[in-house]
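Chemist: If it helps, the file is called model_11.pdb and holds PDB, C-alpha atoms and all ligand atoms:
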```pdb
ATOM      1  CA  MET A   1       3.754  -6.444 -19.631
ATOM      2  CA  ASP A   2       4.761 -10.092 -20.097
ATOM      3  CA  LYS A   3       2.576 -12.547 -18.269
ATOM      4  CA  VAL A   4       3.969 -14.982 -15.734
ATOM      5  CA  LEU A   5       2.613 -18.488 -15.207
ATOM      6  CA  THR A   6       0.480 -17.558 -12.194
ATOM      7  CA  GLU A   7      -1.139 -14.772 -14.187
ATOM      8  CA  GLU A   8      -2.011 -17.164 -17.007
ATOM      9  CA  VAL A   9      -3.378 -19.703 -14.499
ATOM     10  CA  LEU A  10      -5.444 -17.056 -12.692
ATOM     11  CA  GLU A  11      -6.931 -15.901 -15.995
ATOM     12  CA  THR A  12      -8.395 -19.375 -16.520
ATOM     13  CA  VAL A  13     -10.520 -19.015 -13.360
ATOM     14  CA  PRO A  14     -13.891 -17.676 -14.548
ATOM     15  CA  GLY A  15     -15.078 -14.516 -12.836
ATOM     16  CA  LEU A  16     -12.025 -14.241 -10.593
ATOM     17  CA  GLU A  17     -11.062 -10.739 -11.667
ATOM     18  CA  ASN A  18     -14.598  -9.402 -11.336
ATOM     19  CA  THR A  19     -15.060 -11.001  -7.933
ATOM     20  CA  ALA A  20     -11.651  -9.822  -6.714
ATOM     21  CA  TYR A  21     -12.300  -6.297  -7.968
ATOM     22  CA  THR A  22     -15.804  -6.160  -6.453
ATOM     23  CA  VAL A  23     -14.485  -7.299  -3.066
ATOM     24  CA  SER A  24     -11.627  -4.818  -3.233
ATOM     25  CA  ARG A  25     -13.782  -1.826  -4.055
ATOM     26  CA  GLY A  26     -16.460  -2.991  -1.624
ATOM     27  CA  ILE A  27     -13.940  -2.667   1.214
ATOM     28  CA  HIS A  28     -12.856   0.743  -0.080
ATOM     29  CA  GLY A  29     -16.465   1.900  -0.291
ATOM     30  CA  ALA A  30     -17.053   0.782   3.292
ATOM     31  CA  VAL A  31     -13.983   2.744   4.417
ATOM     32  CA  LEU A  32     -15.129   5.903   2.625
ATOM     33  CA  SER A  33     -18.650   5.696   4.006
ATOM     34  CA  GLY A  34     -17.508   4.615   7.476
ATOM     35  CA  GLY A  35     -16.851   8.128   8.777
ATOM     36  CA  THR A  36     -13.733   9.809  10.122
ATOM     37  CA  THR A  37     -12.832   7.074  12.632
ATOM     38  CA  VAL A  38     -12.881   4.305  10.033
ATOM     39  CA  ARG A  39     -10.887   6.492   7.628
ATOM     40  CA  ALA A  40      -8.336   7.211  10.366
ATOM     41  CA  ILE A  41      -7.996   3.472  11.057
ATOM     42  CA  ALA A  42      -7.556   2.790   7.327
ATOM     43  CA  ASP A  43      -4.928   5.559   7.144
ATOM     44  CA  PHE A  44      -3.089   3.915  10.030
ATOM     45  CA  PHE A  45      -3.024   0.509   8.349
ATOM     46  CA  HIS A  46      -2.055   1.980   4.970
ATOM     47  CA  GLY A  47       0.953   3.511   6.757
ATOM     48  CA  VAL A  48       0.190   7.214   6.222
ATOM     49  CA  TRP A  49       1.800   7.979   9.620
ATOM     50  CA  LEU A  50       4.908   6.047   8.518
ATOM     51  CA  GLY A  51       5.334   7.697   5.118
ATOM     52  CA  HIS A  52       5.610   4.156   3.713
ATOM     53  CA  PRO A  53       3.205   1.210   3.352
ATOM     54  CA  LEU A  54       2.865  -0.613   6.687
ATOM     55  CA  HIS A  55       2.035  -4.082   5.307
ATOM     56  CA  PRO A  56       5.466  -5.090   3.911
ATOM     57  CA  LEU A  57       7.131  -4.038   7.140
ATOM     58  CA  LEU A  58       4.881  -6.335   9.194
ATOM     59  CA  THR A  59       5.166  -9.295   6.824
ATOM     60  CA  ASP A  60       8.870  -9.626   7.662
ATOM     61  CA  LEU A  61       7.962 -10.408  11.261
ATOM     62  CA  VAL A  62       5.371 -13.018  10.272
ATOM     63  CA  VAL A  63       7.515 -14.775   7.662
ATOM     64  CA  SER A  64      10.608 -14.849   9.874
ATOM     65  CA  THR A  65       8.874 -16.156  13.030
ATOM     66  CA  TRP A  66       6.785 -18.807  11.264
ATOM     67  CA  THR A  67       9.705 -20.012   9.134
ATOM     68  CA  LEU A  68      12.138 -20.146  12.045
ATOM     69  CA  GLY A  69       9.534 -21.839  14.253
ATOM     70  CA  ALA A  70       8.907 -24.509  11.607
ATOM     71  CA  LEU A  71      12.642 -25.076  11.112
ATOM     72  CA  ILE A  72      13.188 -25.530  14.851
ATOM     73  CA  ASP A  73      10.240 -27.959  14.912
ATOM     74  CA  LEU A  74      11.826 -30.019  12.136
ATOM     75  CA  PHE A  75      15.278 -29.839  13.730
ATOM     76  CA  ASN A  76      13.738 -31.105  16.979
ATOM     77  CA  LEU A  77      11.634 -33.826  15.361
ATOM     78  CA  ASN A  78      13.737 -36.729  16.644
ATOM     79  CA  ARG A  79      15.233 -34.962  19.635
ATOM     80  CA  ARG A  80      11.982 -33.976  21.363
ATOM     81  CA  GLU A  81      13.770 -31.509  23.637
ATOM     82  CA  SER A  82      11.376 -29.245  25.517
ATOM     83  CA  ARG A  83      13.569 -26.136  25.159
ATOM     84  CA  PHE A  84      13.293 -26.366  21.360
ATOM     85  CA  GLU A  85       9.567 -27.106  21.590
ATOM     86  CA  GLN A  86       9.106 -23.997  23.723
ATOM     87  CA  ALA A  87      11.142 -21.872  21.327
ATOM     88  CA  ALA A  88       9.125 -23.089  18.321
ATOM     89  CA  ASP A  89       5.806 -22.573  20.159
ATOM     90  CA  GLN A  90       6.772 -19.024  21.104
ATOM     91  CA  LEU A  91       7.834 -18.171  17.570
ATOM     92  CA  ILE A  92       4.603 -19.534  16.054
ATOM     93  CA  THR A  93       2.590 -17.628  18.700
ATOM     94  CA  LEU A  94       4.472 -14.398  17.980
ATOM     95  CA  GLY A  95       3.878 -14.892  14.270
ATOM     96  CA  VAL A  96       0.136 -15.421  14.806
ATOM     97  CA  ALA A  97      -0.035 -12.217  16.895
ATOM     98  CA  ALA A  98       1.815 -10.289  14.178
ATOM     99  CA  ALA A  99      -0.243 -11.855  11.372
ATOM    100  CA  VAL A 100      -3.469 -10.200  12.551
ATOM    101  CA  PRO A 101      -2.403  -6.547  11.986
ATOM    102  CA  THR A 102      -0.441  -7.693   8.931
ATOM    103  CA  ALA A 103      -3.613  -9.141   7.401
ATOM    104  CA  ILE A 104      -5.624  -6.020   8.239
ATOM    105  CA  ALA A 105      -2.946  -3.827   6.623
ATOM    106  CA  GLY A 106      -2.888  -6.140   3.607
ATOM    107  CA  PHE A 107      -6.643  -6.051   3.083
ATOM    108  CA  THR A 108      -6.615  -2.273   3.581
ATOM    109  CA  ASP A 109      -4.072  -1.923   0.769
ATOM    110  CA  TYR A 110      -6.004  -4.471  -1.300
ATOM    111  CA  SER A 111      -9.077  -2.209  -1.130
ATOM    112  CA  THR A 112      -7.413   0.271  -3.528
ATOM    113  CA  ILE A 113      -5.154  -2.040  -5.489
ATOM    114  CA  SER A 114      -4.885  -1.432  -9.242
ATOM    115  CA  GLN A 115      -7.126  -3.611 -11.407
ATOM    116  CA  ARG A 116      -4.205  -5.339 -13.140
ATOM    117  CA  ALA A 117      -2.943  -6.594  -9.750
ATOM    118  CA  VAL A 118      -6.262  -7.454  -8.142
ATOM    119  CA  LYS A 119      -6.288 -11.200  -8.929
ATOM    120  CA  THR A 120      -2.775 -11.749  -7.602
ATOM    121  CA  GLY A 121      -3.631  -9.620  -4.565
ATOM    122  CA  MET A 122      -6.692 -11.700  -3.791
ATOM    123  CA  ILE A 123      -4.843 -15.047  -4.033
ATOM    124  CA  HIS A 124      -1.984 -13.623  -1.934
ATOM    125  CA  GLY A 125      -4.470 -12.502   0.737
ATOM    126  CA  LEU A 126      -6.510 -15.711   0.755
ATOM    127  CA  LEU A 127      -3.486 -18.005   1.031
ATOM    128  CA  ASN A 128      -2.012 -15.905   3.822
ATOM    129  CA  THR A 129      -5.351 -15.976   5.654
ATOM    130  CA  LEU A 130      -5.359 -19.765   5.262
ATOM    131  CA  SER A 131      -1.798 -19.824   6.669
ATOM    132  CA  LEU A 132      -2.978 -17.857   9.699
ATOM    133  CA  ILE A 133      -5.864 -20.270  10.284
ATOM    134  CA  LEU A 134      -3.560 -23.310   9.960
ATOM    135  CA  ASN A 135      -1.069 -21.901  12.442
ATOM    136  CA  VAL A 136      -3.868 -21.080  14.911
ATOM    137  CA  VAL A 137      -4.922 -24.743  14.623
ATOM    138  CA  SER A 138      -1.267 -25.734  15.036
ATOM    139  CA  LEU A 139      -1.117 -23.759  18.284
ATOM    140  CA  THR A 140      -4.196 -25.516  19.656
ATOM    141  CA  GLN A 141      -2.617 -28.878  18.702
ATOM    142  CA  ARG A 142       0.565 -27.865  20.530
ATOM    143  CA  ARG A 143      -1.451 -27.070  23.663
ATOM    144  CA  LYS A 144      -3.184 -30.442  23.464
ATOM    145  CA  GLY A 145       0.157 -32.224  23.112
ATOM    146  CA  ASN A 146      -0.476 -33.358  19.522
ATOM    147  CA  ARG A 147       3.016 -32.391  18.505
ATOM    148  CA  ASN A 148       3.165 -34.264  15.208
ATOM    149  CA  ASN A 149      -0.037 -32.657  13.921
ATOM    150  CA  ALA A 150       1.165 -29.244  15.044
ATOM    151  CA  VAL A 151       4.546 -29.623  13.358
ATOM    152  CA  MET A 152       2.923 -30.879  10.160
ATOM    153  CA  LEU A 153       0.624 -27.832  10.010
ATOM    154  CA  SER A 154       3.360 -25.297  10.742
ATOM    155  CA  SER A 155       5.641 -26.946   8.166
ATOM    156  CA  LEU A 156       2.842 -26.743   5.597
ATOM    157  CA  VAL A 157       2.441 -23.039   6.376
ATOM    158  CA  ALA A 158       6.191 -22.446   6.034
ATOM    159  CA  GLY A 159       6.052 -24.066   2.592
ATOM    160  CA  MET A 160       3.028 -21.998   1.557
ATOM    161  CA  LEU A 161       4.754 -18.837   2.748
ATOM    162  CA  THR A 162       7.454 -19.321   0.159
ATOM    163  CA  PHE A 163       4.798 -19.085  -2.540
ATOM    164  CA  THR A 164       2.751 -16.285  -0.960
ATOM    165  CA  ALA A 165       5.895 -14.240  -0.280
ATOM    166  CA  TRP A 166       6.794 -14.669  -3.947
ATOM    167  CA  LEU A 167       3.314 -13.391  -4.838
ATOM    168  CA  GLY A 168       3.942 -10.446  -2.511
ATOM    169  CA  GLY A 169       7.160  -9.771  -4.403
ATOM    170  CA  GLU A 170       5.214  -9.908  -7.664
ATOM    171  CA  LEU A 171       2.776  -7.338  -6.300
ATOM    172  CA  SER A 172       5.601  -4.986  -5.324
ATOM    173  CA  TYR A 173       8.140  -5.441  -8.091
ATOM    174  CA  ARG A 174       5.965  -6.417 -11.057
ATOM    175  CA  TYR A 175       2.738  -4.531 -10.386
ATOM    176  CA  ARG A 176       4.451  -1.817  -8.314
ATOM    177  CA  VAL A 177       1.773  -1.897  -5.604
ATOM    178  CA  GLY A 178       2.836   0.453  -2.822
ATOM    179  CA  VAL A 179       5.604   1.986  -4.919
ATOM    180  CA  ASN A 180       5.771   5.780  -5.118
ATOM    181  CA  LYS A 181       4.570   6.629  -8.646
ATOM    182  CA  ASN A 182       6.277  10.014  -8.589
ATOM    183  CA  GLN A 183       9.776  10.691  -9.759
ATOM    184  CA  THR A 184      11.391  12.993  -7.251
ATOM    185  CA  PRO A 185      12.202  16.134  -9.244
ATOM    186  CA  ASP A 186      15.620  17.733  -8.880
ATOM    187  CA  ARG A 187      14.700  20.751 -10.972
ATOM    188  CA  PRO A 188      13.798  23.576 -11.264
ATOM    189  CA  GLN A 189      16.269  24.953  -8.758
ATOM    190  CA  ASP A 190      15.740  28.500 -10.038
ATOM    191  CA  TRP A 191      12.470  30.339 -10.413
ATOM    192  CA  THR A 192      10.935  29.112 -13.668
ATOM    193  CA  PRO A 193       8.038  30.836 -15.455
ATOM    194  CA  VAL A 194       5.164  28.411 -16.020
ATOM    195  CA  MET A 195       2.152  30.382 -17.231
ATOM    196  CA  SER A 196       0.387  33.724 -17.113
ATOM    197  CA  GLU A 197      -1.374  34.363 -13.858
ATOM    198  CA  TYR A 198      -4.438  35.476 -15.847
ATOM    199  CA  ASP A 199      -4.864  31.889 -17.079
ATOM    200  CA  LEU A 200      -5.377  30.535 -13.565
ATOM    201  CA  ALA A 201      -8.588  31.775 -11.959
ATOM    202  CA  GLU A 202      -9.429  31.548  -8.268
ATOM    203  CA  GLY A 203     -10.329  27.929  -7.403
ATOM    204  CA  GLN A 204      -8.979  26.651 -10.718
ATOM    205  CA  ALA A 205      -6.461  23.817 -11.088
ATOM    206  CA  ILE A 206      -4.240  23.230 -14.096
ATOM    207  CA  ARG A 207      -1.499  20.771 -15.041
ATOM    208  CA  ARG A 208       1.755  21.891 -16.655
ATOM    209  CA  GLU A 209       4.959  20.064 -17.572
ATOM    210  CA  VAL A 210       7.964  21.758 -16.008
ATOM    211  CA  ASP A 211      11.399  20.327 -16.846
ATOM    212  CA  GLY A 212       9.728  17.033 -17.691
ATOM    213  CA  HIS A 213       7.762  16.847 -14.451
ATOM    214  CA  PRO A 214       3.967  17.196 -14.293
ATOM    215  CA  VAL A 215       3.022  19.981 -11.905
ATOM    216  CA  LEU A 216      -0.402  20.816 -10.499
ATOM    217  CA  LEU A 217      -1.027  24.549 -10.150
ATOM    218  CA  TYR A 218      -3.969  25.574  -7.996
ATOM    219  CA  ARG A 219      -5.126  29.017  -6.964
ATOM    220  CA  TYR A 220      -6.909  29.372  -3.646
ATOM    221  CA  GLY A 221      -7.451  32.485  -1.535
ATOM    222  CA  GLY A 222      -5.466  34.482  -4.091
ATOM    223  CA  THR A 223      -2.340  32.351  -3.576
ATOM    224  CA  VAL A 224      -0.949  29.889  -6.134
ATOM    225  CA  TYR A 225       0.143  26.457  -4.887
ATOM    226  CA  ALA A 226       2.179  23.912  -6.830
ATOM    227  CA  ILE A 227       2.661  20.199  -6.158
ATOM    228  CA  GLY A 228       3.304  17.126  -8.298
ATOM    229  CA  ALA A 229       0.309  16.412 -10.521
ATOM    230  CA  VAL A 230       0.729  12.614 -10.573
ATOM    231  CA  CYS A 231      -0.763  10.909  -7.527
ATOM    232  CA  SER A 232       1.953   9.019  -5.642
ATOM    233  CA  HIS A 233      -0.393   6.084  -5.053
ATOM    234  CA  GLU A 234      -1.145   4.804  -8.561
ATOM    235  CA  GLY A 235      -0.522   7.806 -10.778
ATOM    236  CA  GLY A 236      -3.986   9.379 -10.785
ATOM    237  CA  PRO A 237      -4.308  12.854 -12.406
ATOM    238  CA  LEU A 238      -4.740  15.281  -9.514
ATOM    239  CA  GLU A 239      -5.861  18.130 -11.775
ATOM    240  CA  GLU A 240      -9.028  16.059 -12.344
ATOM    241  CA  GLY A 241      -9.549  15.584  -8.613
ATOM    242  CA  SER A 242     -11.930  17.441  -6.348
ATOM    243  CA  PHE A 243     -10.712  20.463  -4.437
ATOM    244  CA  ASP A 244     -11.826  21.554  -1.010
ATOM    245  CA  GLY A 245      -9.949  24.460   0.535
ATOM    246  CA  TYR A 246      -6.275  23.495   0.701
ATOM    247  CA  CYS A 247      -7.002  19.855  -0.074
ATOM    248  CA  VAL A 248      -7.165  17.928  -3.336
ATOM    249  CA  GLU A 249      -8.714  14.469  -3.517
ATOM    250  CA  CYS A 250      -7.412  12.085  -6.174
ATOM    251  CA  PRO A 251     -10.160  10.987  -8.591
ATOM    252  CA  TRP A 252      -8.961   7.349  -8.651
ATOM    253  CA  HIS A 253      -8.826   6.067  -5.039
ATOM    254  CA  HIS A 254      -9.510   9.210  -3.015
ATOM    255  CA  SER A 255      -6.133   9.949  -1.476
ATOM    256  CA  VAL A 256      -6.193  13.487  -0.121
ATOM    257  CA  TYR A 257      -3.193  15.837  -0.240
ATOM    258  CA  ASP A 258      -2.559  19.288   1.226
ATOM    259  CA  VAL A 259      -1.623  21.573  -1.675
ATOM    260  CA  ARG A 260       0.401  23.811   0.660
ATOM    261  CA  ASP A 261       3.160  21.224   1.083
ATOM    262  CA  GLY A 262       2.053  18.070  -0.766
ATOM    263  CA  SER A 263       1.631  16.123   2.472
ATOM    264  CA  VAL A 264      -0.791  13.190   2.683
ATOM    265  CA  VAL A 265      -4.003  13.987   4.560
ATOM    266  CA  HIS A 266      -5.661  10.634   3.833
ATOM    267  CA  GLY A 267      -4.459   7.418   2.221
ATOM    268  CA  PRO A 268      -4.262   5.075   0.455
ATOM    269  CA  SER A 269      -1.212   7.054  -0.634
ATOM    270  CA  THR A 270       1.563   7.080   1.920
ATOM    271  CA  TYR A 271       3.998   9.279  -0.013
ATOM    272  CA  ALA A 272       3.837  13.070  -0.058
ATOM    273  CA  GLN A 273       3.597  14.776  -3.417
ATOM    274  CA  PRO A 274       6.606  16.721  -4.732
ATOM    275  CA  ASN A 275       6.230  20.211  -3.367
ATOM    276  CA  TYR A 276       7.173  23.441  -5.180
ATOM    277  CA  GLN A 277       7.357  27.058  -4.137
ATOM    278  CA  ALA A 278       5.204  29.312  -6.319
ATOM    279  CA  ARG A 279       5.129  33.075  -6.827
ATOM    280  CA  ILE A 280       3.724  35.639  -9.227
ATOM    281  CA  LEU A 281       6.234  37.985 -10.852
ATOM    282  CA  ASN A 282       5.362  40.375 -13.674
ATOM    283  CA  SER A 283       2.030  38.593 -14.102
ATOM    284  CA  GLN A 284       3.816  35.256 -14.598
ATOM    285  CA  ILE A 285       3.433  32.277 -12.282
ATOM    286  CA  GLU A 286       6.873  30.942 -11.428
ATOM    287  CA  ILE A 287       7.832  27.852  -9.461
ATOM    288  CA  ARG A 288      10.950  26.259  -8.034
ATOM    289  CA  LEU A 289      11.816  23.491  -5.621
ATOM    290  CA  PRO A 290      12.156  24.690  -2.017
ATOM    291  CA  VAL A 291      15.703  25.710  -1.196
TER     292      VAL A 291
HETATM  293  S1  LIG A 301      -4.087   6.946  -7.831
HETATM  294 FE1  LIG A 301      -4.862   5.925  -6.127
HETATM  295  S2  LIG A 301      -5.390   7.551  -4.793
HETATM  296 FE2  LIG A 301      -4.537   8.529  -6.483
END
```
Now, as a test, write the supplied structure out as structure tokens.
Ligand code: FES

Modeler:
Amino acid sequence: MDKVLTEEVLETVPGLENTAYTVSRGIHGAVLSGGTTVRAIADFFHGVWLGHPLHPLLTDLVVSTWTLGALIDLFNLNRRESRFEQAADQLITLGVAAAVPTAIAGFTDYSTISQRAVKTGMIHGLLNTLSLILNVVSLTQRRKGNRNNAVMLSSLVAGMLTFTAWLGGELSYRYRVGVNKNQTPDRPQDWTPVMSEYDLAEGQAIRREVDGHPVLLYRYGGTVYAIGAVCSHEGGPLEEGSFDGYCVECPWHHSVYDVRDGSVVHGPSTYAQPNYQARILNSQIEIRLPV
């Protein structure tokens, strides 16, 4: 992967990657050891309920309100009309309110970010946190009537957002954070023999390539289940995960999937695994996509 300028700059900061990675996995460790309530909260902020990462959806609200508020402030700089001041104040306030869950969702995703993206993720998070602090200060300045200070701070934030939003784009499009790592299979449409049933013991999991797609086969309670073998989150090998009843936990960042339908039980993954029907015919395990 070619490096961009920010990546080369970040690499010159001693210890940044180690620190960023330690913080990231420290948060993840706290989530895992925090019990079912903490895990449920983390799942919520990952966006498991949405079937899509929550963070990028919320950032649109923050970027749009803060940018529009700053533009109205600048437009009103010489006019000093109260209706524009009110509009700008309300937009900055709305953005601050939206920035809190946005930041929580961002740090939740950061807790399981891939190592190659961790430095960019940390700078993105820190600058956005600084933006939130500056706009909170801007709001207090607005209430005190220090309009020029408030406008200066909100304008500074709007400028910083251009850079941090670009970093967010880097995280999504360059490092593919939050992108489904599975290719949605369109085959097999017909029942396809995969392996002998005698090669898959009770409780055993095995990976097989079927029409170019990696498939996890798992036998539990005498029934064979088949889902995509590549974890949707960052591509972890599910056949190396830990199995508990109908659930498989990814060995990389502990997403949990239900092998009966590939659905996400726990994040960080928000995308269900490809799901196959499986049967045993003439001692052969066969699979196909649901019809
Ligand atoms: S690769 Fe991250 S949870 Fe599977």

Chemist: Which residue is closest to A:Trp252? Choose from A:Val179, A:Ala226, A:Val265, A:Arg25 and count only C-alpha atoms.

Modeler: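 Selected residue with least distance to A:Trp252: A:Arg25.
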
Chemist: Quick one: 3 Å padding each side, axis-aligned, all listed atoms of ligand LIG 301 (chain A) - centre and edge lengths in Å to one decimal, as lines of an AutoDock Vina configuration file?

Modeler:
```
center_x = -4.7
center_y = 7.2
center_z = -6.3
size_x = 7.3
size_y = 8.6
size_z = 9.0
```

Chemist: Report as a list in words all protein, DNA and RNA residues lying within 9 Å of A:Lys119, evaluated on only C-alpha atoms, omitting residues in the same chain fewer than 3 positions from it.

Modeler: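 Near neighbours after the sequence-gap exclusion: Glu7, Leu10, Glu11, Leu16, Glu17, Asn18, Thr19, Ala20, Tyr21, Gln115, Arg116, Met122, Ile123 and His124 of chain A.
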
Chemist: Please dump the current selection as a short mmCIF file (atom, residue, chain, number, x, y, z; two decimals), keeping the file's coordinate frame; keep C-alpha atoms.

Modeler:
```
data_model
loop_
_atom_site.label_atom_id
_atom_site.label_comp_id
_atom_site.auth_asym_id
_atom_site.auth_seq_id
_atom_site.Cartn_x
_atom_site.Cartn_y
_atom_site.Cartn_z
CA GLU A 7 -1.14 -14.77 -14.19
CA LEU A 10 -5.44 -17.06 -12.69
CA GLU A 11 -6.93 -15.90 -16.00
CA LEU A 16 -12.02 -14.24 -10.59
CA GLU A 17 -11.06 -10.74 -11.67
CA ASN A 18 -14.60 -9.40 -11.34
CA THR A 19 -15.06 -11.00 -7.93
CA ALA A 20 -11.65 -9.82 -6.71
CA TYR A 21 -12.30 -6.30 -7.97
CA GLN A 115 -7.13 -3.61 -11.41
CA ARG A 116 -4.20 -5.34 -13.14
CA MET A 122 -6.69 -11.70 -3.79
CA ILE A 123 -4.84 -15.05 -4.03
CA HIS A 124 -1.98 -13.62 -1.93
#
```

Chemist: Go through the shown structure with the PyMOL selection byres (((not hetatm)) within 9 of (chain A and resi 301)) and write out the matching residues as a PyMOL selection string.

Modeler: chain A and resi 112-114+181+230-238+241+249-256+267-269

Chemist: Given the selection you just returned, output its residues as a file containing C-alpha atoms, formatted as a short mmCIF file (atom, residue, chain, number, x, y, z; two decimals), keeping the file's coordinate frame.

Modeler:
```cif
data_model
loop_
_atom_site.label_atom_id
_atom_site.label_comp_id
_atom_site.auth_asym_id
_atom_site.auth_seq_id
_atom_site.Cartn_x
_atom_site.Cartn_y
_atom_site.Cartn_z
CA THR A 112 -7.41 0.27 -3.53
CA ILE A 113 -5.15 -2.04 -5.49
CA SER A 114 -4.88 -1.43 -9.24
CA LYS A 181 4.57 6.63 -8.65
CA VAL A 230 0.73 12.61 -10.57
CA CYS A 231 -0.76 10.91 -7.53
CA SER A 232 1.95 9.02 -5.64
CA HIS A 233 -0.39 6.08 -5.05
CA GLU A 234 -1.14 4.80 -8.56
CA GLY A 235 -0.52 7.81 -10.78
CA GLY A 236 -3.99 9.38 -10.78
CA PRO A 237 -4.31 12.85 -12.41
CA LEU A 238 -4.74 15.28 -9.51
CA GLY A 241 -9.55 15.58 -8.61
CA GLU A 249 -8.71 14.47 -3.52
CA CYS A 250 -7.41 12.08 -6.17
CA PRO A 251 -10.16 10.99 -8.59
CA TRP A 252 -8.96 7.35 -8.65
CA HIS A 253 -8.83 6.07 -5.04
CA HIS A 254 -9.51 9.21 -3.02
CA SER A 255 -6.13 9.95 -1.48
CA VAL A 256 -6.19 13.49 -0.12
CA GLY A 267 -4.46 7.42 2.22
CA PRO A 268 -4.26 5.08 0.46
CA SER A 269 -1.21 7.05 -0.63
#
```

Chemist: If we count only C-alpha atoms, what is near A:Leu61 at a cut-off of 9 Å, once residues fewer than 5 positions away on the same chain are taken out, given as a ChimeraX atom specification?

Modeler: /A:66,94-95,98-99

Chemist: Mind checking which residues fall within 12 Å of A:Leu58, counting only C-alpha atoms, ignoring those fewer than 5 positions away in the same chain, and posting them as a list in words?

Modeler: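 With the cut-off at 12 Å, the set is Phe45, His46, Gly47, His52, Pro53, Val63, Ser64, Thr65, Leu94, Gly95, Val96, Ala97, Ala98, Ala99, Val100, Pro101, Thr102, Ala103, Ile104, Ala105 and Gly106 of chain A.
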
Chemist: Write the selection just made, keeping C-alpha atoms, as a short mmCIF file (atom, residue, chain, number, x, y, z; two decimals), in the coordinates of the input?

Modeler:
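Written output follows (out28.cif):
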```cif
data_model
loop_
_atom_site.label_atom_id
_atom_site.label_comp_id
_atom_site.auth_asym_id
_atom_site.auth_seq_id
_atom_site.Cartn_x
_atom_site.Cartn_y
_atom_site.Cartn_z
CA PHE A 45 -3.02 0.51 8.35
CA HIS A 46 -2.06 1.98 4.97
CA GLY A 47 0.95 3.51 6.76
CA HIS A 52 5.61 4.16 3.71
CA PRO A 53 3.20 1.21 3.35
CA VAL A 63 7.52 -14.78 7.66
CA SER A 64 10.61 -14.85 9.87
CA THR A 65 8.87 -16.16 13.03
CA LEU A 94 4.47 -14.40 17.98
CA GLY A 95 3.88 -14.89 14.27
CA VAL A 96 0.14 -15.42 14.81
CA ALA A 97 -0.04 -12.22 16.90
CA ALA A 98 1.82 -10.29 14.18
CA ALA A 99 -0.24 -11.86 11.37
CA VAL A 100 -3.47 -10.20 12.55
CA PRO A 101 -2.40 -6.55 11.99
CA THR A 102 -0.44 -7.69 8.93
CA ALA A 103 -3.61 -9.14 7.40
CA ILE A 104 -5.62 -6.02 8.24
CA ALA A 105 -2.95 -3.83 6.62
CA GLY A 106 -2.89 -6.14 3.61
#
```

Chemist: Of the candidates A:Val210, A:Gln141, A:Ala88, A:Val215, which one gets nearest to A:Gly262 if we count only C-alpha atoms?

Modeler: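 Under the stated criterion, the closest residue is A:Val215.
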
Chemist: Please report the interatomic distance between atom CA of A:Leu161 and atom CA of A:Ser131 in Å with one decimal.

Modeler: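 Atom-to-atom, atom CA of A:Leu161 to atom CA of A:Ser131, that is 7.7 Å.
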
Chemist: Counting all atoms listed in the file, which residue out of A:Leu57, A:Leu132, A:Ala201, A:Met160 sits closest to A:Gly178?

Modeler: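 Between A:Leu57, A:Leu132, A:Ala201, A:Met160, the residue approaching A:Gly178 most closely is A:Leu57.
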
Chemist: For this file, the PyMOL selection byres (((chain A and resi 138) around 12) and not hetatm) selects which residues, as a compact mmCIF listing (two decimals) with C-alpha atoms, keeping the file's coordinate frame?

Modeler:
```txt
# COMPACT_ATOMS: atom_id res chain seq x y z
CA TRP A 66 6.78 -18.81 11.26
CA GLY A 69 9.53 -21.84 14.25
CA ALA A 70 8.91 -24.51 11.61
CA ASP A 73 10.24 -27.96 14.91
CA ALA A 88 9.12 -23.09 18.32
CA ASP A 89 5.81 -22.57 20.16
CA ILE A 92 4.60 -19.53 16.05
CA THR A 93 2.59 -17.63 18.70
CA VAL A 96 0.14 -15.42 14.81
CA SER A 131 -1.80 -19.82 6.67
CA LEU A 132 -2.98 -17.86 9.70
CA ILE A 133 -5.86 -20.27 10.28
CA LEU A 134 -3.56 -23.31 9.96
CA ASN A 135 -1.07 -21.90 12.44
CA VAL A 136 -3.87 -21.08 14.91
CA VAL A 137 -4.92 -24.74 14.62
CA LEU A 139 -1.12 -23.76 18.28
CA THR A 140 -4.20 -25.52 19.66
CA GLN A 141 -2.62 -28.88 18.70
CA ARG A 142 0.56 -27.86 20.53
CA ARG A 143 -1.45 -27.07 23.66
CA LYS A 144 -3.18 -30.44 23.46
CA GLY A 145 0.16 -32.22 23.11
CA ASN A 146 -0.48 -33.36 19.52
CA ARG A 147 3.02 -32.39 18.50
CA ASN A 148 3.16 -34.26 15.21
CA ASN A 149 -0.04 -32.66 13.92
CA ALA A 150 1.16 -29.24 15.04
CA VAL A 151 4.55 -29.62 13.36
CA MET A 152 2.92 -30.88 10.16
CA LEU A 153 0.62 -27.83 10.01
CA SER A 154 3.36 -25.30 10.74
CA SER A 155 5.64 -26.95 8.17
CA LEU A 156 2.84 -26.74 5.60
CA VAL A 157 2.44 -23.04 6.38
```

Chemist: Between atom CA of A:Phe44 and atom CA of A:Thr59, measure the distance and give it in Å to one decimal.

Modeler: 15.9 Å

Chemist: Restricting the calculation to only C-alpha atoms, which member of A:Glu85, A:Asp43, A:Asp190, A:Glu202 is positioned closest to A:Tyr220?

Modeler: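 Looking only at the distances to A:Tyr220, the closest residue turns out to be A:Glu202.
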